[in-house]
Amino acid sequence: MLSCARLITGLVIALAAPWAAAFFYYPALSRSRGARIAALLVLAVPALAAPLAVPREHSFVRFLVATHAAMFVVGFWDLHRGLPRTGRPRFADYARFLPHPFHFVYRKMGEEPGPGRAANLKRLARGLAEAAAGGVLAWAAFRSDLSSFGLLVEHSAKLLAVYPVLDGVIVATVALWRLAGWRSLDVYREPILARTPADFWRRYNRPIGQFLLEDVAKPAGGYHAPVRATMAAFLASAILHEYLATIAIGRVQGYQTAFFLLQGVAVAATQRVKPRGLAAIPWVFGTILFNLASLLLFCASVDQVVSWYDGEGILP
């Protein structure tokens, strides 16, 4: 009973803190650039620390509420960056934007037209079918003891099984979101078919990708300094994911930083590579293999939050 009360209290604190920070940050949007940055830095600290109120044994819950807090802080930074163009939004629009799961750049909302009702119904059906098929594969992969085949086989089989579940759920959720009358970017655009690491990150998690492009990469040099801009974006992503992993696990591991910086180097190296025709086939398989291998770093953290590997996994 006491444990349940601690969990509920922690959840209330973790979920309320970002909203409290948002309430106090809104007036700062009428202030100078320096005042906005100061307010953001001061208010981000309690918002991002609040998930620590959730008991440590509930690591997945901590991850979820930390994601919620990070979304708000990302929104604060985006509104600060876009303010010269958009002006301060109405409070109702501000409150709708901050927890929005499919838009992280306020000034870009509505620029990408969504498909019509019929197309969204087809996407909903496709997403549900893909998630169901993937669910069968994932059930088989996680029910079987794959550790006897070695870490790489187990790791790859589980990732490839989970991919259609994740893709299908996201496609179906976005379709439902749009059918309800709300705006959304396409979150995924078939990332499994990416021809290079750079192409993969253009297709994968496009809402956060748009934020990193508009609010991190462009200020860091954008298309005039593509390598610097790319590495700045992946460094920001590394910090974000390292924060989520640290809150969930309770200690800094560094695996998320290593994964995203490695991906940043690969993206910078393949930005101008555009394989076509039959030449694209080995690039697609090479990109899949590179992602599977590099995701060993990512999954080292995942395994500390949910039971991912049957054996010892990456960490002893």
# chains A, B, ... in the order shown; residues from 1 in each chain; ligands from 1
>>> residues_around(residues="Ala22 in chain A", least_positions_apart="5", cutoff="12 Å", atoms="only C-alpha atoms", output="ChimeraX atom specification")
/A:15-17,27-29,39-40,42-44,46-47,69,71-77,79,91-92,94-99
>>> residues_around(residues="Phe298 in chain A", least_positions_apart="4", cutoff="7 Å", atoms="only C-alpha atoms", output="list in words")
Tyr255, Gln256, Phe259 and Val302 of chain A
>>> write_last_selection(atoms="C-alpha atoms", output="short mmCIF file (atom, residue, chain, number, x, y, z; two decimals), in the first residue's frame")
data_model
loop_
_atom_site.label_atom_id
_atom_site.label_comp_id
_atom_site.auth_asym_id
_atom_site.auth_seq_id
_atom_site.Cartn_x
_atom_site.Cartn_y
_atom_site.Cartn_z
CA TYR A 255 25.67 4.30 -24.25
CA GLN A 256 23.13 6.72 -25.72
CA PHE A 259 25.19 5.54 -30.20
CA VAL A 302 16.99 -0.57 -22.98
#
>>> atom_distance(atom1="CA of Ala20 in chain A", atom2="CA of Leu64 in chain A")
18.1 Å
>>> closest_residue(among="A:Val136, A:Val162, A:Leu240, A:Ala118", to="Thr67 in chain A", atoms="only C-alpha atoms")
A:Leu240
>>> closest_residue(among="A:Pro115, A:Pro197, A:Gly110, A:Pro164", to="Phe285 in chain A", atoms="only C-alpha atoms")
A:Pro197
>>> atom_distance(atom1="CA of Ile8 in chain A", atom2="CA of Leu244 in chain A")
20.0 Å
>>> atom_distance(atom1="CA of Lys158 in chain A", atom2="CA of Ile247 in chain A")
24.6 Å
>>> residues_around(residues="Val169 in chain A", least_positions_apart="3", cutoff="10 Å", atoms="only C-alpha atoms", output="list in words")
Leu124, Arg126, Gly127, Leu128, Ala129, Glu130, Ala131, Ala132, Gly134, Tyr163, Pro164, Val165, Leu166, Ala172, Thr173, Val174 and Ala175 of chain A
>>> closest_residue(among="A:Phe290, A:Phe102, A:Gly222, A:Gln263", to="Tyr188 in chain A", atoms="only C-alpha atoms")
A:Phe102
>>> closest_residue(among="A:Asp215, A:Trp182, A:Ala293, A:Ala14", to="Leu83 in chain A", atoms="only C-alpha atoms")
A:Asp215
>>> select_by_dssp(residues="range 216-295 of chain A", states="alpha helix (DSSP H)", output="VMD selection string")
chain A and resid 226 to 249 255 to 270 280 to 295
>>> write_last_selection(atoms="C-alpha atoms", output="mmCIF file, in the first residue's frame")
data_model
loop_
_atom_site.group_PDB
_atom_site.id
_atom_site.type_symbol
_atom_site.label_atom_id
_atom_site.label_comp_id
_atom_site.auth_asym_id
_atom_site.auth_seq_id
_atom_site.Cartn_x
_atom_site.Cartn_y
_atom_site.Cartn_z
ATOM 1 C CA PRO A 226 26.596 20.481 -42.920
ATOM 2 C CA VAL A 227 29.068 18.416 -40.901
ATOM 3 C CA ARG A 228 29.024 20.799 -37.929
ATOM 4 C CA ALA A 229 25.239 21.121 -38.116
ATOM 5 C CA THR A 230 24.763 17.356 -38.304
ATOM 6 C CA MET A 231 27.014 16.683 -35.339
ATOM 7 C CA ALA A 232 25.290 19.434 -33.333
ATOM 8 C CA ALA A 233 21.913 17.801 -33.998
ATOM 9 C CA PHE A 234 23.131 14.350 -32.998
ATOM 10 C CA LEU A 235 24.853 15.743 -29.912
ATOM 11 C CA ALA A 236 21.538 17.304 -28.861
ATOM 12 C CA SER A 237 19.790 13.974 -29.493
ATOM 13 C CA ALA A 238 22.497 12.198 -27.508
ATOM 14 C CA ILE A 239 21.975 14.532 -24.533
ATOM 15 C CA LEU A 240 18.201 14.059 -24.707
ATOM 16 C CA HIS A 241 18.404 10.254 -24.830
ATOM 17 C CA GLU A 242 21.142 10.101 -22.195
ATOM 18 C CA TYR A 243 18.861 12.108 -19.914
ATOM 19 C CA LEU A 244 15.976 9.667 -20.489
ATOM 20 C CA ALA A 245 18.207 6.654 -19.867
ATOM 21 C CA THR A 246 19.771 8.199 -16.766
ATOM 22 C CA ILE A 247 16.408 9.024 -15.218
ATOM 23 C CA ALA A 248 15.053 5.546 -15.971
ATOM 24 C CA ILE A 249 18.142 3.592 -14.856
ATOM 25 C CA TYR A 255 25.668 4.302 -24.247
ATOM 26 C CA GLN A 256 23.128 6.717 -25.722
ATOM 27 C CA THR A 257 25.830 9.322 -26.278
ATOM 28 C CA ALA A 258 28.058 6.762 -28.000
ATOM 29 C CA PHE A 259 25.186 5.539 -30.204
ATOM 30 C CA PHE A 260 24.028 8.952 -31.392
ATOM 31 C CA LEU A 261 27.513 10.333 -31.991
ATOM 32 C CA LEU A 262 28.375 7.212 -34.022
ATOM 33 C CA GLN A 263 25.179 7.704 -36.016
ATOM 34 C CA GLY A 264 26.028 11.386 -36.462
ATOM 35 C CA VAL A 265 29.389 10.497 -38.018
ATOM 36 C CA ALA A 266 27.687 8.009 -40.353
ATOM 37 C CA VAL A 267 25.049 10.561 -41.367
ATOM 38 C CA ALA A 268 27.659 13.255 -42.016
ATOM 39 C CA ALA A 269 29.619 10.783 -44.156
ATOM 40 C CA THR A 270 26.592 9.739 -46.259
ATOM 41 C CA ALA A 280 20.780 0.863 -53.982
ATOM 42 C CA ILE A 281 20.216 -2.769 -52.926
ATOM 43 C CA PRO A 282 23.578 -3.325 -51.166
ATOM 44 C CA TRP A 283 23.260 0.129 -49.603
ATOM 45 C CA VAL A 284 19.872 -0.791 -48.097
ATOM 46 C CA PHE A 285 21.243 -4.011 -46.608
ATOM 47 C CA GLY A 286 24.403 -2.246 -45.479
ATOM 48 C CA THR A 287 22.328 0.417 -43.714
ATOM 49 C CA ILE A 288 20.243 -2.250 -41.964
ATOM 50 C CA LEU A 289 23.371 -4.075 -40.817
ATOM 51 C CA PHE A 290 25.000 -0.862 -39.602
ATOM 52 C CA ASN A 291 21.882 0.093 -37.652
ATOM 53 C CA LEU A 292 21.565 -3.382 -36.111
ATOM 54 C CA ALA A 293 25.211 -3.312 -35.028
ATOM 55 C CA SER A 294 25.134 0.233 -33.635
ATOM 56 C CA LEU A 295 21.855 -0.443 -31.827
#
>>> closest_residue(among="A:Cys299, A:Val105, A:Val305, A:Ile208", to="Glu57 in chain A", atoms="only C-alpha atoms")
A:Val305
